[in-house]
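Here is the file input.pdb (PDB, C-alpha atoms).
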```
ATOM      1  CA  MET K   1      25.832  -3.535   8.245
ATOM      2  CA  GLU K   2      28.502  -5.980   7.092
ATOM      3  CA  THR K   3      27.147  -8.878   5.095
ATOM      4  CA  SER K   4      28.334 -12.327   4.049
ATOM      5  CA  VAL K   5      27.953 -14.242   0.805
ATOM      6  CA  GLU K   6      24.887 -15.980   2.255
ATOM      7  CA  SER K   7      23.237 -12.756   3.385
ATOM      8  CA  ASP K   8      23.983 -11.114   0.035
ATOM      9  CA  LEU K   9      22.233 -14.000  -1.715
ATOM     10  CA  LEU K  10      19.273 -13.601   0.638
ATOM     11  CA  ILE K  11      19.076  -9.851   0.041
ATOM     12  CA  ASN K  12      19.267 -10.269  -3.735
ATOM     13  CA  THR K  13      16.569 -12.960  -3.704
ATOM     14  CA  VAL K  14      14.181 -10.820  -1.684
ATOM     15  CA  ARG K  15      14.998  -7.699  -3.690
ATOM     16  CA  ARG K  16      14.212  -9.409  -7.000
ATOM     17  CA  PHE K  17      11.018 -10.811  -5.466
ATOM     18  CA  VAL K  18       9.867  -7.362  -4.343
ATOM     19  CA  GLU K  19      10.798  -5.667  -7.605
ATOM     20  CA  SER K  20       9.124  -8.266  -9.843
ATOM     21  CA  GLU K  21       6.085  -9.312  -7.801
ATOM     22  CA  MET K  22       5.187  -6.165  -5.820
ATOM     23  CA  PHE K  23       6.511  -2.954  -7.418
ATOM     24  CA  PRO K  24       4.335  -3.383 -10.552
ATOM     25  CA  TYR K  25       1.134  -3.332  -8.469
ATOM     26  CA  GLU K  26       1.832  -0.400  -6.145
ATOM     27  CA  ASP K  27      -0.077   2.179  -8.179
ATOM     28  CA  GLU K  28      -3.062  -0.146  -8.598
ATOM     29  CA  VAL K  29      -3.256  -0.861  -4.865
ATOM     30  CA  ASP K  30      -2.931   2.840  -4.081
ATOM     31  CA  ARG K  31      -5.751   3.617  -6.510
ATOM     32  CA  LEU K  32      -8.060   0.802  -5.366
ATOM     33  CA  GLY K  33      -7.317   0.974  -1.654
ATOM     34  CA  TYR K  34      -6.995  -2.804  -1.431
ATOM     35  CA  VAL K  35      -4.982  -5.702  -2.862
ATOM     36  CA  PRO K  36      -6.954  -7.757  -5.414
ATOM     37  CA  GLU K  37      -7.163 -11.367  -4.238
ATOM     38  CA  GLU K  38      -5.426 -12.779  -7.314
ATOM     39  CA  ILE K  39      -2.432 -10.482  -6.832
ATOM     40  CA  GLY K  40      -2.128 -11.331  -3.149
ATOM     41  CA  ARG K  41      -2.352 -15.067  -3.788
ATOM     42  CA  ALA K  42       0.279 -14.822  -6.529
ATOM     43  CA  ILE K  43       2.665 -13.107  -4.092
ATOM     44  CA  GLU K  44       1.879 -15.767  -1.503
ATOM     45  CA  ALA K  45       2.589 -18.578  -3.985
ATOM     46  CA  LYS K  46       5.874 -17.002  -5.106
ATOM     47  CA  SER K  47       7.041 -16.530  -1.520
ATOM     48  CA  LYS K  48       6.435 -20.243  -0.893
ATOM     49  CA  GLU K  49       8.362 -21.124  -4.030
ATOM     50  CA  LEU K  50      11.324 -19.023  -2.849
ATOM     51  CA  GLY K  51      11.205 -20.399   0.697
ATOM     52  CA  LEU K  52      10.306 -16.998   2.163
ATOM     53  CA  TYR K  53       6.877 -17.969   3.497
ATOM     54  CA  ALA K  54       7.095 -18.565   7.275
ATOM     55  CA  CYS K  55      10.855 -18.097   7.020
ATOM     56  CA  ASN K  56      10.891 -16.660  10.543
ATOM     57  CA  LEU K  57       9.788 -19.905  12.213
ATOM     58  CA  PRO K  58      12.081 -22.852  13.089
ATOM     59  CA  GLU K  59      12.837 -25.554  10.548
ATOM     60  CA  GLU K  60      11.534 -28.263  12.872
ATOM     61  CA  VAL K  61       7.987 -26.946  12.404
ATOM     62  CA  GLY K  62       8.353 -26.398   8.666
ATOM     63  CA  GLY K  63       9.581 -22.810   8.678
ATOM     64  CA  GLY K  64      12.693 -21.301   7.146
ATOM     65  CA  GLY K  65      14.663 -21.155  10.378
ATOM     66  CA  LEU K  66      16.053 -17.659   9.810
ATOM     67  CA  GLY K  67      17.424 -15.679  12.750
ATOM     68  CA  ILE K  68      16.848 -12.094  13.841
ATOM     69  CA  SER K  69      19.675 -10.584  11.759
ATOM     70  CA  GLN K  70      18.544 -12.409   8.609
ATOM     71  CA  MET K  71      14.941 -11.391   9.169
ATOM     72  CA  ALA K  72      16.048  -7.777   9.578
ATOM     73  CA  LEU K  73      17.646  -7.941   6.120
ATOM     74  CA  ILE K  74      14.421  -9.349   4.658
ATOM     75  CA  GLU K  75      12.234  -6.761   6.373
ATOM     76  CA  ARG K  76      14.454  -3.978   5.073
ATOM     77  CA  GLU K  77      13.777  -5.094   1.502
ATOM     78  CA  TYR K  78      10.058  -5.580   2.215
ATOM     79  CA  GLY K  79       9.969  -2.058   3.620
ATOM     80  CA  LYS K  80      10.659  -0.659   0.158
ATOM     81  CA  THR K  81       7.172  -1.519  -1.052
ATOM     82  CA  SER K  82       3.566  -1.324   0.082
ATOM     83  CA  HIS K  83       2.873  -3.061   3.381
ATOM     84  CA  ALA K  84      -0.379  -4.266   1.869
ATOM     85  CA  LEU K  85       1.573  -6.193  -0.773
ATOM     86  CA  GLN K  86       4.523  -7.513   1.219
ATOM     87  CA  SER K  87       2.312  -8.811   4.023
ATOM     88  CA  TRP K  88       1.027 -11.526   1.672
ATOM     89  CA  ALA K  89       4.467 -13.126   2.019
ATOM     90  CA  ALA K  90       3.452 -14.100   5.529
ATOM     91  CA  ARG K  91       5.641 -14.436   8.593
ATOM     92  CA  PRO K  92       3.284 -16.182  11.060
ATOM     93  CA  THR K  93       3.667 -14.934  14.613
ATOM     94  CA  GLU K  94       6.245 -16.656  16.804
ATOM     95  CA  LEU K  95       3.561 -16.890  19.499
ATOM     96  CA  LEU K  96       2.298 -19.989  17.733
ATOM     97  CA  MET K  97       5.408 -21.799  18.943
ATOM     98  CA  ALA K  98       3.644 -21.883  22.314
ATOM     99  CA  CYS K  99       1.026 -24.261  20.854
ATOM    100  CA  ASP K 100       0.828 -27.701  22.438
ATOM    101  CA  ALA K 101       0.820 -30.869  20.303
ATOM    102  CA  GLU K 102      -2.875 -30.739  19.392
ATOM    103  CA  GLN K 103      -2.834 -26.983  18.811
ATOM    104  CA  ARG K 104       0.133 -27.338  16.479
ATOM    105  CA  GLU K 105      -1.920 -29.593  14.228
ATOM    106  CA  ARG K 106      -4.882 -27.181  14.267
ATOM    107  CA  TYR K 107      -3.066 -23.838  14.086
ATOM    108  CA  LEU K 108       0.731 -23.787  13.837
ATOM    109  CA  PHE K 109       1.342 -26.229  10.993
ATOM    110  CA  PRO K 110      -1.537 -24.913   8.828
ATOM    111  CA  ALA K 111      -0.192 -21.363   9.359
ATOM    112  CA  VAL K 112       3.294 -22.434   8.282
ATOM    113  CA  ARG K 113       1.876 -24.129   5.176
ATOM    114  CA  GLY K 114      -0.207 -21.062   4.323
ATOM    115  CA  GLU K 115      -3.501 -22.859   4.851
ATOM    116  CA  LYS K 116      -4.549 -20.569   7.709
ATOM    117  CA  ARG K 117      -3.965 -16.904   8.591
ATOM    118  CA  GLU K 118      -3.953 -15.490  12.099
ATOM    119  CA  LEU K 119      -4.534 -12.134  13.778
ATOM    120  CA  PHE K 120      -2.735 -10.774  16.844
ATOM    121  CA  ALA K 121      -5.612  -9.253  18.812
ATOM    122  CA  LEU K 122      -4.473  -7.046  21.685
ATOM    123  CA  THR K 123      -5.559  -3.432  21.008
ATOM    124  CA  GLU K 124      -8.998  -2.269  22.194
ATOM    125  CA  PRO K 125     -11.081   0.890  21.653
ATOM    126  CA  ASP K 126     -10.295   2.140  25.173
ATOM    127  CA  ALA K 127      -6.937   0.415  25.676
ATOM    128  CA  GLY K 128      -4.168   0.679  23.107
ATOM    129  CA  SER K 129      -0.721   0.585  24.668
ATOM    130  CA  ASP K 130      -2.404   0.605  28.110
ATOM    131  CA  VAL K 131      -2.705  -3.180  28.293
ATOM    132  CA  MET K 132      -3.839  -3.086  31.915
ATOM    133  CA  GLY K 133      -6.834  -1.061  30.767
ATOM    134  CA  MET K 134      -8.202  -3.876  28.612
ATOM    135  CA  LYS K 135     -11.857  -4.702  29.122
ATOM    136  CA  THR K 136     -12.047  -7.906  27.091
ATOM    137  CA  ASN K 137     -12.386 -10.665  29.643
ATOM    138  CA  ALA K 138     -12.919 -14.394  29.978
ATOM    139  CA  ARG K 139     -14.575 -16.000  32.992
ATOM    140  CA  ARG K 140     -14.614 -19.640  33.924
ATOM    141  CA  GLU K 141     -17.728 -21.730  33.556
ATOM    142  CA  GLY K 142     -16.848 -25.272  34.537
ATOM    143  CA  ASP K 143     -13.856 -26.279  32.398
ATOM    144  CA  ASP K 144     -14.730 -23.703  29.733
ATOM    145  CA  TRP K 145     -14.081 -19.984  29.355
ATOM    146  CA  ILE K 146     -16.723 -17.434  28.366
ATOM    147  CA  LEU K 147     -15.152 -14.613  26.335
ATOM    148  CA  ASN K 148     -16.647 -11.106  26.065
ATOM    149  CA  GLY K 149     -15.337  -7.803  24.764
ATOM    150  CA  SER K 150     -13.942  -6.263  21.588
ATOM    151  CA  LYS K 151     -10.716  -5.454  19.771
ATOM    152  CA  HIS K 152      -9.954  -2.974  16.986
ATOM    153  CA  PHE K 153      -7.123  -1.864  14.688
ATOM    154  CA  ILE K 154      -6.193  -5.545  14.378
ATOM    155  CA  SER K 155      -4.303  -5.722  11.095
ATOM    156  CA  GLY K 156      -3.796  -8.338   8.417
ATOM    157  CA  PRO K 157      -3.752  -8.679   4.621
ATOM    158  CA  CYS K 158      -6.952 -10.737   4.312
ATOM    159  CA  MET K 159      -9.833 -12.194   6.309
ATOM    160  CA  PRO K 160      -8.215 -14.433   8.948
ATOM    161  CA  ASP K 161      -9.028 -17.992   9.964
ATOM    162  CA  PHE K 162      -8.353 -17.487  13.664
ATOM    163  CA  ALA K 163      -7.196 -14.870  16.141
ATOM    164  CA  ILE K 164      -4.868 -14.926  19.115
ATOM    165  CA  VAL K 165      -6.984 -12.958  21.566
ATOM    166  CA  PHE K 166      -5.724 -11.492  24.827
ATOM    167  CA  ALA K 167      -8.250 -11.232  27.646
ATOM    168  CA  ALA K 168      -8.280 -10.522  31.376
ATOM    169  CA  THR K 169      -8.959 -13.712  33.315
ATOM    170  CA  GLY K 170      -8.592 -12.430  36.870
ATOM    171  CA  VAL K 171      -6.556 -10.187  39.127
ATOM    172  CA  ASP K 172      -3.223 -10.933  40.804
ATOM    173  CA  GLU K 173      -1.976  -9.214  43.932
ATOM    174  CA  THR K 174       1.551  -7.903  43.385
ATOM    175  CA  PRO K 175       3.959  -5.761  45.458
ATOM    176  CA  ARG K 176       2.814  -2.830  43.333
ATOM    177  CA  GLY K 177      -0.869  -3.534  43.901
ATOM    178  CA  PRO K 178      -3.586  -5.428  41.983
ATOM    179  CA  ARG K 179      -2.671  -6.371  38.415
ATOM    180  CA  LYS K 180      -4.854  -7.947  35.760
ATOM    181  CA  ARG K 181      -4.066 -11.523  34.868
ATOM    182  CA  VAL K 182      -3.981 -11.742  31.066
ATOM    183  CA  THR K 183      -4.408 -14.960  29.081
ATOM    184  CA  ALA K 184      -4.053 -15.669  25.354
ATOM    185  CA  PHE K 185      -6.760 -17.677  23.566
ATOM    186  CA  LEU K 186      -6.950 -19.233  20.105
ATOM    187  CA  VAL K 187     -10.357 -18.232  18.713
ATOM    188  CA  ASP K 188     -11.605 -19.535  15.359
ATOM    189  CA  VAL K 189     -13.443 -17.187  13.004
ATOM    190  CA  GLY K 190     -17.002 -18.468  12.717
ATOM    191  CA  MET K 191     -17.379 -19.552  16.344
ATOM    192  CA  ALA K 192     -20.754 -18.709  17.859
ATOM    193  CA  GLY K 193     -20.676 -15.180  19.278
ATOM    194  CA  PHE K 194     -17.470 -14.185  17.467
ATOM    195  CA  ASP K 195     -17.975 -11.392  14.916
ATOM    196  CA  CYS K 196     -14.915 -10.548  12.802
ATOM    197  CA  ARG K 197     -15.349  -7.801  10.214
ATOM    198  CA  GLU K 198     -13.224  -5.319   8.299
ATOM    199  CA  GLY K 199     -12.660  -2.139  10.273
ATOM    200  CA  THR K 200     -11.423   1.397   9.671
ATOM    201  CA  ARG K 201      -9.414   2.163   6.563
ATOM    202  CA  CYS K 202      -6.251   3.881   7.726
ATOM    203  CA  VAL K 203      -4.538   6.792   5.994
ATOM    204  CA  SER K 204      -1.156   5.065   6.239
ATOM    205  CA  TYR K 205      -0.474   1.543   4.932
ATOM    206  CA  ARG K 206      -2.999   2.120   2.171
ATOM    207  CA  GLY K 207      -4.562  -1.139   1.022
ATOM    208  CA  TYR K 208      -3.679  -2.977   4.234
ATOM    209  CA  LYS K 209      -6.711  -4.172   6.167
ATOM    210  CA  THR K 210      -7.704  -3.638   9.773
ATOM    211  CA  PHE K 211     -10.343  -5.702  11.541
ATOM    212  CA  GLU K 212     -12.798  -5.252  14.376
ATOM    213  CA  LEU K 213     -13.399  -8.255  16.606
ATOM    214  CA  HIS K 214     -16.417  -8.575  18.897
ATOM    215  CA  PHE K 215     -17.003 -11.378  21.387
ATOM    216  CA  ASP K 216     -20.439 -12.060  22.838
ATOM    217  CA  ASN K 217     -20.334 -14.993  25.272
ATOM    218  CA  VAL K 218     -17.960 -16.988  23.081
ATOM    219  CA  ARG K 219     -17.500 -20.394  24.708
ATOM    220  CA  LEU K 220     -13.931 -21.655  24.600
ATOM    221  CA  GLY K 221     -12.703 -24.998  25.827
ATOM    222  CA  PRO K 222      -9.479 -25.395  27.824
ATOM    223  CA  GLU K 223      -7.785 -26.532  24.589
ATOM    224  CA  GLN K 224      -8.185 -22.954  23.274
ATOM    225  CA  VAL K 225      -5.781 -21.476  25.838
ATOM    226  CA  LEU K 226      -2.434 -20.626  24.232
ATOM    227  CA  GLY K 227       0.410 -21.238  26.653
ATOM    228  CA  GLN K 228      -0.474 -21.012  30.323
ATOM    229  CA  GLU K 229      -3.414 -19.202  31.875
ATOM    230  CA  GLY K 230      -2.259 -15.848  33.187
ATOM    231  CA  HIS K 231       0.897 -15.706  31.039
ATOM    232  CA  GLY K 232      -0.526 -13.857  28.050
ATOM    233  CA  LEU K 233       1.556 -10.728  28.553
ATOM    234  CA  GLU K 234       4.766 -12.752  28.521
ATOM    235  CA  LEU K 235       3.744 -14.197  25.168
ATOM    236  CA  SER K 236       2.769 -10.823  23.710
ATOM    237  CA  GLY K 237       6.073  -9.327  24.843
ATOM    238  CA  LYS K 238       8.013 -11.857  22.773
ATOM    239  CA  TRP K 239       6.138 -10.889  19.617
ATOM    240  CA  LEU K 240       6.259  -7.153  20.284
ATOM    241  CA  GLY K 241      10.001  -7.294  20.993
ATOM    242  CA  MET K 242      10.659  -8.982  17.664
ATOM    243  CA  GLY K 243       8.246  -6.594  15.967
ATOM    244  CA  ARG K 244      10.259  -3.548  17.051
ATOM    245  CA  ILE K 245      13.332  -4.930  15.284
ATOM    246  CA  TRP K 246      11.334  -5.603  12.146
ATOM    247  CA  VAL K 247       9.748  -2.146  12.165
ATOM    248  CA  GLY K 248      13.158  -0.511  12.475
ATOM    249  CA  ALA K 249      14.498  -2.522   9.537
ATOM    250  CA  THR K 250      11.369  -1.717   7.509
ATOM    251  CA  CYS K 251      11.838   2.009   8.118
ATOM    252  CA  CYS K 252      15.416   1.778   6.809
ATOM    253  CA  GLY K 253      14.072   0.161   3.653
ATOM    254  CA  LYS K 254      11.486   2.893   3.210
ATOM    255  CA  ALA K 255      14.147   5.575   3.627
ATOM    256  CA  GLU K 256      16.347   3.899   1.027
ATOM    257  CA  ARG K 257      13.490   3.655  -1.490
ATOM    258  CA  ILE K 258      12.520   7.284  -0.931
ATOM    259  CA  LEU K 259      16.130   8.381  -1.399
ATOM    260  CA  GLU K 260      16.337   6.463  -4.689
ATOM    261  CA  MET K 261      13.120   8.069  -5.924
ATOM    262  CA  ALA K 262      14.233  11.537  -4.821
ATOM    263  CA  THR K 263      17.608  11.119  -6.525
ATOM    264  CA  ASP K 264      15.962  10.055  -9.783
ATOM    265  CA  TRP K 265      13.571  13.002  -9.566
ATOM    266  CA  ALA K 266      16.395  15.433  -8.887
ATOM    267  CA  ALA K 267      18.209  14.192 -11.992
ATOM    268  CA  THR K 268      15.211  14.614 -14.316
ATOM    269  CA  ARG K 269      13.235  17.526 -12.889
ATOM    270  CA  LYS K 270      14.488  20.802 -14.360
ATOM    271  CA  GLN K 271      14.197  24.379 -13.151
ATOM    272  CA  PHE K 272      15.935  27.404 -14.687
ATOM    273  CA  GLY K 273      17.251  25.090 -17.398
ATOM    274  CA  LYS K 274      19.070  22.732 -15.021
ATOM    275  CA  PRO K 275      18.257  19.479 -13.150
ATOM    276  CA  ILE K 276      17.356  20.467  -9.601
ATOM    277  CA  GLY K 277      19.983  18.011  -8.327
ATOM    278  CA  THR K 278      22.688  20.423  -9.479
ATOM    279  CA  PHE K 279      21.523  23.054  -6.979
ATOM    280  CA  GLN K 280      23.456  22.944  -3.724
ATOM    281  CA  ALA K 281      20.382  23.020  -1.462
ATOM    282  CA  THR K 282      19.018  19.894  -3.142
ATOM    283  CA  GLY K 283      22.352  18.144  -3.579
ATOM    284  CA  PHE K 284      23.330  18.608   0.070
ATOM    285  CA  ARG K 285      20.050  17.117   1.251
ATOM    286  CA  LEU K 286      20.396  14.104  -1.017
ATOM    287  CA  ALA K 287      23.990  13.559   0.119
ATOM    288  CA  ASP K 288      22.908  13.806   3.759
ATOM    289  CA  GLY K 289      20.150  11.289   3.112
ATOM    290  CA  ALA K 290      22.600   8.919   1.405
ATOM    291  CA  MET K 291      24.950   9.051   4.414
ATOM    292  CA  LYS K 292      22.130   8.304   6.843
ATOM    293  CA  SER K 293      20.871   5.446   4.658
ATOM    294  CA  ALA K 294      24.351   3.932   4.555
ATOM    295  CA  ARG K 295      24.423   3.836   8.355
ATOM    296  CA  CYS K 296      21.166   1.857   8.586
TER     297      CYS K 296
END
```
Could you write out this structure as structure tokens?
Amino acid sequence: METSVESDLLINTVRRFVESEMFPYEDEVDRLGYVPEEIGRAIEAKSKELGLYACNLPEEVGGGGLGISQMALIEREYGKTSHALQSWAARPTELLMACDAEQRERYLFPAVRGEKRELFALTEPDAGSDVMGMKTNARREGDDWILNGSKHFISGPCMPDFAIVFAATGVDETPRGPRKRVTAFLVDVGMAGFDCREGTRCVSYRGYKTFELHFDNVRLGPEQVLGQEGHGLELSGKWLGMGRIWVGATCCGKAERILEMATDWAATRKQFGKPIGTFQATGFRLADGAMKSARC
């Protein structure tokens, strides 16, 4: 990827941030299986100081206003360290841009300032990528909605303040047959009937948290609907589309870090009196990895 002076400055800023504020704690997080609160908050504070917190959101709402290509450069550098650590330098979901004026005051602006954290709650025990199989639902009761169901594998660095929850709110007839109407809701942690707890510890992303969300007749007012009723999938698609770009960039960063570590190991690890990097089988593999990394 060709870069400019501005993008080089951005890359160097993020790289120094990762190396100084995250690399030193990788072994501790791997050993503990979680990020100590004081370490996470220090990363959060430093990201705000550098202007990296909420850098993905527009300037008019207080964000950094960075575009897709710039965010890909940032995510590549973040990919070189533990996801549990880099996630403290939050990039609030772009879905919050769908908030109306009142919702912006309650959710969007506090998220941009780092006063609130959100979860993106789509996956369910019986419906992962099969969104149409979701069982979480919300039915009308007067002007309110009554939310029931559960979500799992909902990830975040720390206990959230609210969740963007996707629920079936009816059925639409389409040319391809009946299709669930999905709506997004803003649900505050602590609401009656809403149980949010830490969930399964995953083998990958060690130290990064997952949460289980359970809804038992949670009453939501019309002001808790994010966007328009029945347009939840359109909103989720915007976030997931952006997420695919970020994941790809993150994987390039991981590959680059692994290559650096492997190269260092090959230069210091000795067998038969020589560094293993001098053996053709090892050298060829490292060279092949370097070529692939350069193409990222």
* Asked: Restricting the calculation to only C-alpha atoms, which member of K:Gln224, K:Thr13, K:Thr250, K:Thr200 is positioned closest to Ala163 of chain K?
  -> K:Gln224
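Selection check: the PyMOL selection byres ((chain K and resi 62-73) around 8) on the shown file gives Ser7, Ile11, Gly51, Leu52, Tyr53, Ala54, Cys55, Asn56, Leu57, Pro58, Glu59, Glu60, Val61, Ile74, Glu75, Arg76, Glu77, Phe109, Val112, Arg113, Met242, Ile245, Trp246, Ala249 and Thr250 of chain K.
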* Asked: Once the PyMOL selection byres ((chain K and resi 225) around 9) has been applied to the shown file, what residues remain in the selection, as a PyMOL selection string?
  -> chain K and resi 99+183-186+220-224+226-229
* In Å, with one decimal, what is the gap from atom CA of Ala111 of chain K to atom CA of His83 of chain K? -> 19.5 Å
* Grab the atom CA of Arg41 of chain K to atom CA of Glu21 of chain K distance for me, in Å with one decimal place. =>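 Those two atoms sit 11.0 Å apart.
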* To do: Go through the shown structure with the PyMOL selection byres ((chain K and resi 123) around 8) and write out the matching residues as JSON, numbers by chain.
  => {"K": [121, 122, 124, 125, 127, 128, 129, 131, 151, 152, 153, 154]}
Just to be explicit: take each residue in the selection above, keep C-alpha atoms, and write the result as a PDB file, in the frame of the given file.
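Once everything was written out, this is again_39.pdb:
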```
ATOM      1  CA  ALA K 121      -5.612  -9.253  18.812  1.00  0.00           C
ATOM      2  CA  LEU K 122      -4.473  -7.046  21.685  1.00  0.00           C
ATOM      3  CA  GLU K 124      -8.998  -2.269  22.194  1.00  0.00           C
ATOM      4  CA  PRO K 125     -11.081   0.890  21.653  1.00  0.00           C
ATOM      5  CA  ALA K 127      -6.937   0.415  25.676  1.00  0.00           C
ATOM      6  CA  GLY K 128      -4.168   0.679  23.107  1.00  0.00           C
ATOM      7  CA  SER K 129      -0.721   0.585  24.668  1.00  0.00           C
ATOM      8  CA  VAL K 131      -2.705  -3.180  28.293  1.00  0.00           C
ATOM      9  CA  LYS K 151     -10.716  -5.454  19.771  1.00  0.00           C
ATOM     10  CA  HIS K 152      -9.954  -2.974  16.986  1.00  0.00           C
ATOM     11  CA  PHE K 153      -7.123  -1.864  14.688  1.00  0.00           C
ATOM     12  CA  ILE K 154      -6.193  -5.545  14.378  1.00  0.00           C
TER      13      ILE K 154
END
```
* Asked: Which protein, DNA or RNA residues are at most 12 Å from (-1.3, 1.0, -8.0) in the file's coordinates when you count all atoms listed in the file, listed as a list of chain:residue names?
  ->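 The requested residues, written out, are K:Met22, K:Phe23, K:Pro24, K:Tyr25, K:Glu26, K:Asp27, K:Glu28, K:Val29, K:Asp30, K:Arg31, K:Leu32, K:Gly33, K:Tyr34, K:Val35, K:Pro36, K:Ile39, K:Thr81, K:Ser82, K:Ala84, K:Leu85, K:Arg206, K:Gly207.
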* Structure fact -> From the list K:Glu118, K:Asp195, K:Asp130, K:Glu234, the nearest residue to Ile164 of chain K using all atoms listed in the file is K:Glu118
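You will find atom CA of Val165 of chain K at 24.0 Å from atom CA of Gln86 of chain K.
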* Neighbour list for Leu147 of chain K as a VMD selection string, cut-off 8 Å, all atoms listed in the file, skip fewer than 5 positions in-chain -> chain K and resid 136 to 139 167 215 to 220
Selection export as an mmCIF file, in the frame of the given file, atoms kept: C-alpha atoms:
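Full text of result.cif as output:
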```cif
data_model
loop_
_atom_site.group_PDB
_atom_site.id
_atom_site.type_symbol
_atom_site.label_atom_id
_atom_site.label_comp_id
_atom_site.auth_asym_id
_atom_site.auth_seq_id
_atom_site.Cartn_x
_atom_site.Cartn_y
_atom_site.Cartn_z
ATOM 1 C CA THR K 136 -12.047 -7.906 27.091
ATOM 2 C CA ASN K 137 -12.386 -10.665 29.643
ATOM 3 C CA ALA K 138 -12.919 -14.394 29.978
ATOM 4 C CA ARG K 139 -14.575 -16.000 32.992
ATOM 5 C CA ALA K 167 -8.250 -11.232 27.646
ATOM 6 C CA PHE K 215 -17.003 -11.378 21.387
ATOM 7 C CA ASP K 216 -20.439 -12.060 22.838
ATOM 8 C CA ASN K 217 -20.334 -14.993 25.272
ATOM 9 C CA VAL K 218 -17.960 -16.988 23.081
ATOM 10 C CA ARG K 219 -17.500 -20.394 24.708
ATOM 11 C CA LEU K 220 -13.931 -21.655 24.600
#
```
Only N, CA and C atoms, please: segment 83-99 of chain K from the block, as a compact mmCIF listing (two decimals), in the first residue's frame.
```
# COMPACT_ATOMS: atom_id res chain seq x y z
N HIS K 83 -5.77 -8.41 21.23
CA HIS K 83 -7.05 -7.75 21.01
C HIS K 83 -7.63 -7.24 22.32
N ALA K 84 -7.34 -7.94 23.39
CA ALA K 84 -7.82 -7.53 24.70
C ALA K 84 -7.26 -6.18 25.11
N LEU K 85 -6.03 -5.88 24.70
CA LEU K 85 -5.42 -4.60 25.03
C LEU K 85 -5.84 -3.50 24.06
N GLN K 86 -5.76 -3.76 22.76
CA GLN K 86 -6.04 -2.69 21.81
C GLN K 86 -7.50 -2.28 21.79
N SER K 87 -8.39 -3.14 22.25
CA SER K 87 -9.81 -2.79 22.24
C SER K 87 -10.15 -1.69 23.25
N TRP K 88 -9.25 -1.43 24.20
CA TRP K 88 -9.48 -0.33 25.15
C TRP K 88 -9.37 1.02 24.45
N ALA K 89 -8.66 1.08 23.34
CA ALA K 89 -8.64 2.30 22.52
C ALA K 89 -9.86 2.23 21.61
N ALA K 90 -11.00 2.56 22.15
CA ALA K 90 -12.29 2.21 21.54
C ALA K 90 -12.56 2.93 20.22
N ARG K 91 -13.24 2.20 19.34
CA ARG K 91 -13.81 2.75 18.12
C ARG K 91 -15.31 2.45 18.19
N PRO K 92 -16.10 3.36 18.80
CA PRO K 92 -17.54 3.08 18.95
C PRO K 92 -18.18 2.77 17.60
N THR K 93 -19.16 1.87 17.63
CA THR K 93 -19.78 1.44 16.38
C THR K 93 -20.43 2.59 15.62
N GLU K 94 -20.28 2.54 14.30
CA GLU K 94 -20.89 3.55 13.43
C GLU K 94 -22.41 3.50 13.46
N LEU K 95 -22.97 2.42 13.98
CA LEU K 95 -24.43 2.33 14.09
C LEU K 95 -25.01 3.45 14.94
N LEU K 96 -24.20 3.97 15.84
CA LEU K 96 -24.69 5.03 16.72
C LEU K 96 -24.95 6.32 15.96
N MET K 97 -24.47 6.42 14.74
CA MET K 97 -24.78 7.59 13.91
C MET K 97 -26.25 7.61 13.53
N ALA K 98 -26.94 6.49 13.71
CA ALA K 98 -28.37 6.44 13.43
C ALA K 98 -29.20 7.00 14.57
N CYS K 99 -28.57 7.38 15.69
CA CYS K 99 -29.29 7.95 16.83
C CYS K 99 -29.97 9.25 16.44
```
